[in-house]
file work-v2.cif (mmCIF, C-alpha atoms)
data_entry
loop_
_atom_site.group_PDB
_atom_site.id
_atom_site.type_symbol
_atom_site.label_atom_id
_atom_site.label_comp_id
_atom_site.auth_asym_id
_atom_site.auth_seq_id
_atom_site.Cartn_x
_atom_site.Cartn_y
_atom_site.Cartn_z
ATOM 1 C CA MET A 1 4.630 -3.641 -14.108
ATOM 2 C CA ARG A 2 2.630 -6.805 -13.816
ATOM 3 C CA GLY A 3 3.572 -9.172 -11.057
ATOM 4 C CA LYS A 4 5.177 -6.483 -8.854
ATOM 5 C CA GLU A 5 3.836 -5.584 -5.448
ATOM 6 C CA TRP A 6 3.253 -1.884 -4.859
ATOM 7 C CA VAL A 7 3.176 0.275 -1.743
ATOM 8 C CA VAL A 8 0.145 2.559 -1.924
ATOM 9 C CA ILE A 9 -0.335 5.297 0.666
ATOM 10 C CA PHE A 10 -3.700 6.992 1.186
ATOM 11 C CA GLY A 11 -4.304 10.164 3.157
ATOM 12 C CA ALA A 12 -6.968 10.558 5.837
ATOM 13 C CA GLY A 13 -9.482 11.794 3.257
ATOM 14 C CA GLY A 14 -9.166 8.605 1.212
ATOM 15 C CA VAL A 15 -7.118 10.214 -1.545
ATOM 16 C CA MET A 16 -4.096 8.277 -2.814
ATOM 17 C CA GLU A 17 -0.989 10.235 -1.865
ATOM 18 C CA THR A 18 1.696 8.061 -3.466
ATOM 19 C CA ALA A 19 2.294 4.634 -5.009
ATOM 20 C CA PHE A 20 5.504 2.880 -6.013
ATOM 21 C CA PRO A 21 6.983 -0.624 -6.375
ATOM 22 C CA PRO A 22 9.945 -0.946 -3.972
ATOM 23 C CA GLU A 23 12.819 -3.278 -4.895
ATOM 24 C CA ASN A 24 12.116 -5.558 -1.915
ATOM 25 C CA ILE A 25 8.669 -4.905 -0.461
ATOM 26 C CA ASP A 26 9.159 -7.068 2.648
ATOM 27 C CA ASP A 27 12.402 -5.299 3.562
ATOM 28 C CA TYR A 28 10.880 -1.881 2.838
ATOM 29 C CA LEU A 29 7.837 -2.472 5.040
ATOM 30 C CA GLU A 30 9.741 -4.149 7.871
ATOM 31 C CA HIS A 31 12.305 -1.387 8.281
ATOM 32 C CA ARG A 32 9.768 1.434 8.225
ATOM 33 C CA GLY A 33 7.216 -0.007 10.633
ATOM 34 C CA PHE A 34 4.311 -0.107 8.161
ATOM 35 C CA VAL A 35 1.446 -2.488 8.801
ATOM 36 C CA PRO A 36 -0.191 -3.980 5.693
ATOM 37 C CA LEU A 37 -3.986 -3.555 5.802
ATOM 38 C CA GLY A 38 -4.880 -5.839 2.907
ATOM 39 C CA ARG A 39 -5.370 -5.922 -0.824
ATOM 40 C CA ILE A 40 -6.764 -2.805 -2.484
ATOM 41 C CA GLU A 41 -10.161 -4.478 -3.047
ATOM 42 C CA GLU A 42 -10.456 -5.182 0.677
ATOM 43 C CA VAL A 43 -9.332 -1.745 1.808
ATOM 44 C CA LEU A 44 -11.629 0.107 -0.596
ATOM 45 C CA LYS A 45 -14.625 -1.726 0.864
ATOM 46 C CA TRP A 46 -14.047 0.258 4.075
ATOM 47 C CA THR A 47 -14.686 3.526 2.244
ATOM 48 C CA LYS A 48 -18.295 2.696 1.323
#

call {"tool": "encode", "arguments": {"input": "work-v2.cif", "output": "C-alpha cells"}}
result
Amino acid sequence: MRGKEWVVIFGAGGVMETAFPPENIDDYLEHRGFVPLGRIEEVLKWTK
C-alpha cells in the first residue's frame, strides 16, 4: 500500500493498538477530533 497515508494509534505504553489506511485521511481526522503528532520517525524519537 505504497503512497497511502495510514492512521496509527498507540496506547499509553507505547504499543501500537491499531493501524489502517482510511479512504480520506483528512476527512477522517477532522471529523473525529484527532490531532496529528508527526511522522512515525519523529514520534518514535519521543520514546527513547

call {"tool": "resolve_selection", "arguments": {"input": "work-v2.cif", "expression": "the PyMOL selection byres ((chain A and resi 18-35) around 8)", "output": "list in words"}}
result
Lys4, Glu5, Trp6, Val7, Val8, Ile9, Phe10, Met16, Glu17, Pro36 and Leu37 of chain A

call {"tool": "write_last_selection", "arguments": {"input": "work-v2.cif", "atoms": "C-alpha atoms", "output": "mmCIF file, keeping the file's coordinate frame"}}
result
data_model
loop_
_atom_site.group_PDB
_atom_site.id
_atom_site.type_symbol
_atom_site.label_atom_id
_atom_site.label_comp_id
_atom_site.auth_asym_id
_atom_site.auth_seq_id
_atom_site.Cartn_x
_atom_site.Cartn_y
_atom_site.Cartn_z
ATOM 1 C CA LYS A 4 5.177 -6.483 -8.854
ATOM 2 C CA GLU A 5 3.836 -5.584 -5.448
ATOM 3 C CA TRP A 6 3.253 -1.884 -4.859
ATOM 4 C CA VAL A 7 3.176 0.275 -1.743
ATOM 5 C CA VAL A 8 0.145 2.559 -1.924
ATOM 6 C CA ILE A 9 -0.335 5.297 0.666
ATOM 7 C CA PHE A 10 -3.700 6.992 1.186
ATOM 8 C CA MET A 16 -4.096 8.277 -2.814
ATOM 9 C CA GLU A 17 -0.989 10.235 -1.865
ATOM 10 C CA PRO A 36 -0.191 -3.980 5.693
ATOM 11 C CA LEU A 37 -3.986 -3.555 5.802
#

call {"tool": "axis_aligned_box", "arguments": {"input": "work-v2.cif", "around": "stretch 14-24 of chain A", "padding_each_side": "4 Å", "output": "lines of an AutoDock Vina configuration file"}}
result
center_x = 1.8
center_y = 2.3
center_z = -2.6
size_x = 30.0
size_y = 23.8
size_z = 15.6

call {"tool": "residues_around", "arguments": {"input": "work-v2.cif", "residues": "A:Gly14", "least_positions_apart": "5", "cutoff": "12 Å", "atoms": "only C-alpha atoms", "output": "VMD selection string"}}
result
chain A and resid 8 to 9 43 to 48

call {"tool": "decode", "arguments": {"input": "work-v2.cif", "residues": "stretch 4-25 of chain A", "atoms": "N, CA and C atoms", "output": "PDB file, in the first residue's frame"}}
result
ATOM      1  N   LYS A   4      -0.020   5.478   0.346  1.00  0.00           N
ATOM      2  CA  LYS A   4      -1.217   5.759   1.152  1.00  0.00           C
ATOM      3  C   LYS A   4      -0.793   6.258   2.522  1.00  0.00           C
ATOM      4  N   GLU A   5      -1.568   7.167   3.061  1.00  0.00           N
ATOM      5  CA  GLU A   5      -1.338   7.614   4.430  1.00  0.00           C
ATOM      6  C   GLU A   5      -2.125   6.708   5.360  1.00  0.00           C
ATOM      7  N   TRP A   6      -1.532   6.386   6.498  1.00  0.00           N
ATOM      8  CA  TRP A   6      -2.151   5.492   7.466  1.00  0.00           C
ATOM      9  C   TRP A   6      -2.411   6.228   8.776  1.00  0.00           C
ATOM     10  N   VAL A   7      -3.461   5.831   9.458  1.00  0.00           N
ATOM     11  CA  VAL A   7      -3.713   6.258  10.834  1.00  0.00           C
ATOM     12  C   VAL A   7      -3.148   5.157  11.715  1.00  0.00           C
ATOM     13  N   VAL A   8      -2.258   5.535  12.624  1.00  0.00           N
ATOM     14  CA  VAL A   8      -1.646   4.573  13.541  1.00  0.00           C
ATOM     15  C   VAL A   8      -1.937   5.060  14.952  1.00  0.00           C
ATOM     16  N   ILE A   9      -2.495   4.186  15.772  1.00  0.00           N
ATOM     17  CA  ILE A   9      -2.866   4.562  17.140  1.00  0.00           C
ATOM     18  C   ILE A   9      -2.047   3.727  18.116  1.00  0.00           C
ATOM     19  N   PHE A  10      -1.335   4.442  19.017  1.00  0.00           N
ATOM     20  CA  PHE A  10      -0.530   3.794  20.042  1.00  0.00           C
ATOM     21  C   PHE A  10      -1.202   3.960  21.397  1.00  0.00           C
ATOM     22  N   GLY A  11      -1.085   2.959  22.237  1.00  0.00           N
ATOM     23  CA  GLY A  11      -1.584   3.036  23.595  1.00  0.00           C
ATOM     24  C   GLY A  11      -0.594   3.766  24.487  1.00  0.00           C
ATOM     25  N   ALA A  12      -0.965   3.975  25.728  1.00  0.00           N
ATOM     26  CA  ALA A  12      -0.135   4.724  26.676  1.00  0.00           C
ATOM     27  C   ALA A  12       1.211   4.055  26.908  1.00  0.00           C
ATOM     28  N   GLY A  13       1.284   2.738  26.775  1.00  0.00           N
ATOM     29  CA  GLY A  13       2.531   2.022  26.990  1.00  0.00           C
ATOM     30  C   GLY A  13       3.435   2.007  25.775  1.00  0.00           C
ATOM     31  N   GLY A  14       3.056   2.681  24.703  1.00  0.00           N
ATOM     32  CA  GLY A  14       3.871   2.740  23.505  1.00  0.00           C
ATOM     33  C   GLY A  14       3.661   1.586  22.553  1.00  0.00           C
ATOM     34  N   VAL A  15       2.665   0.762  22.815  1.00  0.00           N
ATOM     35  CA  VAL A  15       2.374  -0.381  21.955  1.00  0.00           C
ATOM     36  C   VAL A  15       1.336   0.037  20.909  1.00  0.00           C
ATOM     37  N   MET A  16       1.592  -0.318  19.640  1.00  0.00           N
ATOM     38  CA  MET A  16       0.653   0.016  18.582  1.00  0.00           C
ATOM     39  C   MET A  16      -0.636  -0.764  18.795  1.00  0.00           C
ATOM     40  N   GLU A  17      -1.745  -0.059  18.868  1.00  0.00           N
ATOM     41  CA  GLU A  17      -3.044  -0.672  19.087  1.00  0.00           C
ATOM     42  C   GLU A  17      -3.739  -1.023  17.773  1.00  0.00           C
ATOM     43  N   THR A  18      -3.636  -0.119  16.787  1.00  0.00           N
ATOM     44  CA  THR A  18      -4.287  -0.350  15.501  1.00  0.00           C
ATOM     45  C   THR A  18      -3.632   0.520  14.432  1.00  0.00           C
ATOM     46  N   ALA A  19      -3.778   0.109  13.186  1.00  0.00           N
ATOM     47  CA  ALA A  19      -3.279   0.893  12.049  1.00  0.00           C
ATOM     48  C   ALA A  19      -4.126   0.554  10.832  1.00  0.00           C
ATOM     49  N   PHE A  20      -4.494   1.578  10.070  1.00  0.00           N
ATOM     50  CA  PHE A  20      -5.309   1.353   8.877  1.00  0.00           C
ATOM     51  C   PHE A  20      -5.231   2.568   7.967  1.00  0.00           C
ATOM     52  N   PRO A  21      -5.420   2.375   6.656  1.00  0.00           N
ATOM     53  CA  PRO A  21      -5.432   3.498   5.718  1.00  0.00           C
ATOM     54  C   PRO A  21      -6.866   3.917   5.401  1.00  0.00           C
ATOM     55  N   PRO A  22      -7.370   5.007   5.998  1.00  0.00           N
ATOM     56  CA  PRO A  22      -8.731   5.437   5.695  1.00  0.00           C
ATOM     57  C   PRO A  22      -8.853   5.923   4.244  1.00  0.00           C
ATOM     58  N   GLU A  23     -10.053   5.889   3.718  1.00  0.00           N
ATOM     59  CA  GLU A  23     -10.303   6.357   2.343  1.00  0.00           C
ATOM     60  C   GLU A  23      -9.848   7.798   2.157  1.00  0.00           C
ATOM     61  N   ASN A  24     -10.229   8.675   3.072  1.00  0.00           N
ATOM     62  CA  ASN A  24      -9.874  10.092   3.004  1.00  0.00           C
ATOM     63  C   ASN A  24      -9.338  10.479   4.380  1.00  0.00           C
ATOM     64  N   ILE A  25      -8.027  10.509   4.512  1.00  0.00           N
ATOM     65  CA  ILE A  25      -7.426  10.719   5.839  1.00  0.00           C
ATOM     66  C   ILE A  25      -7.785  12.078   6.432  1.00  0.00           C
TER      67      ILE A  25
END
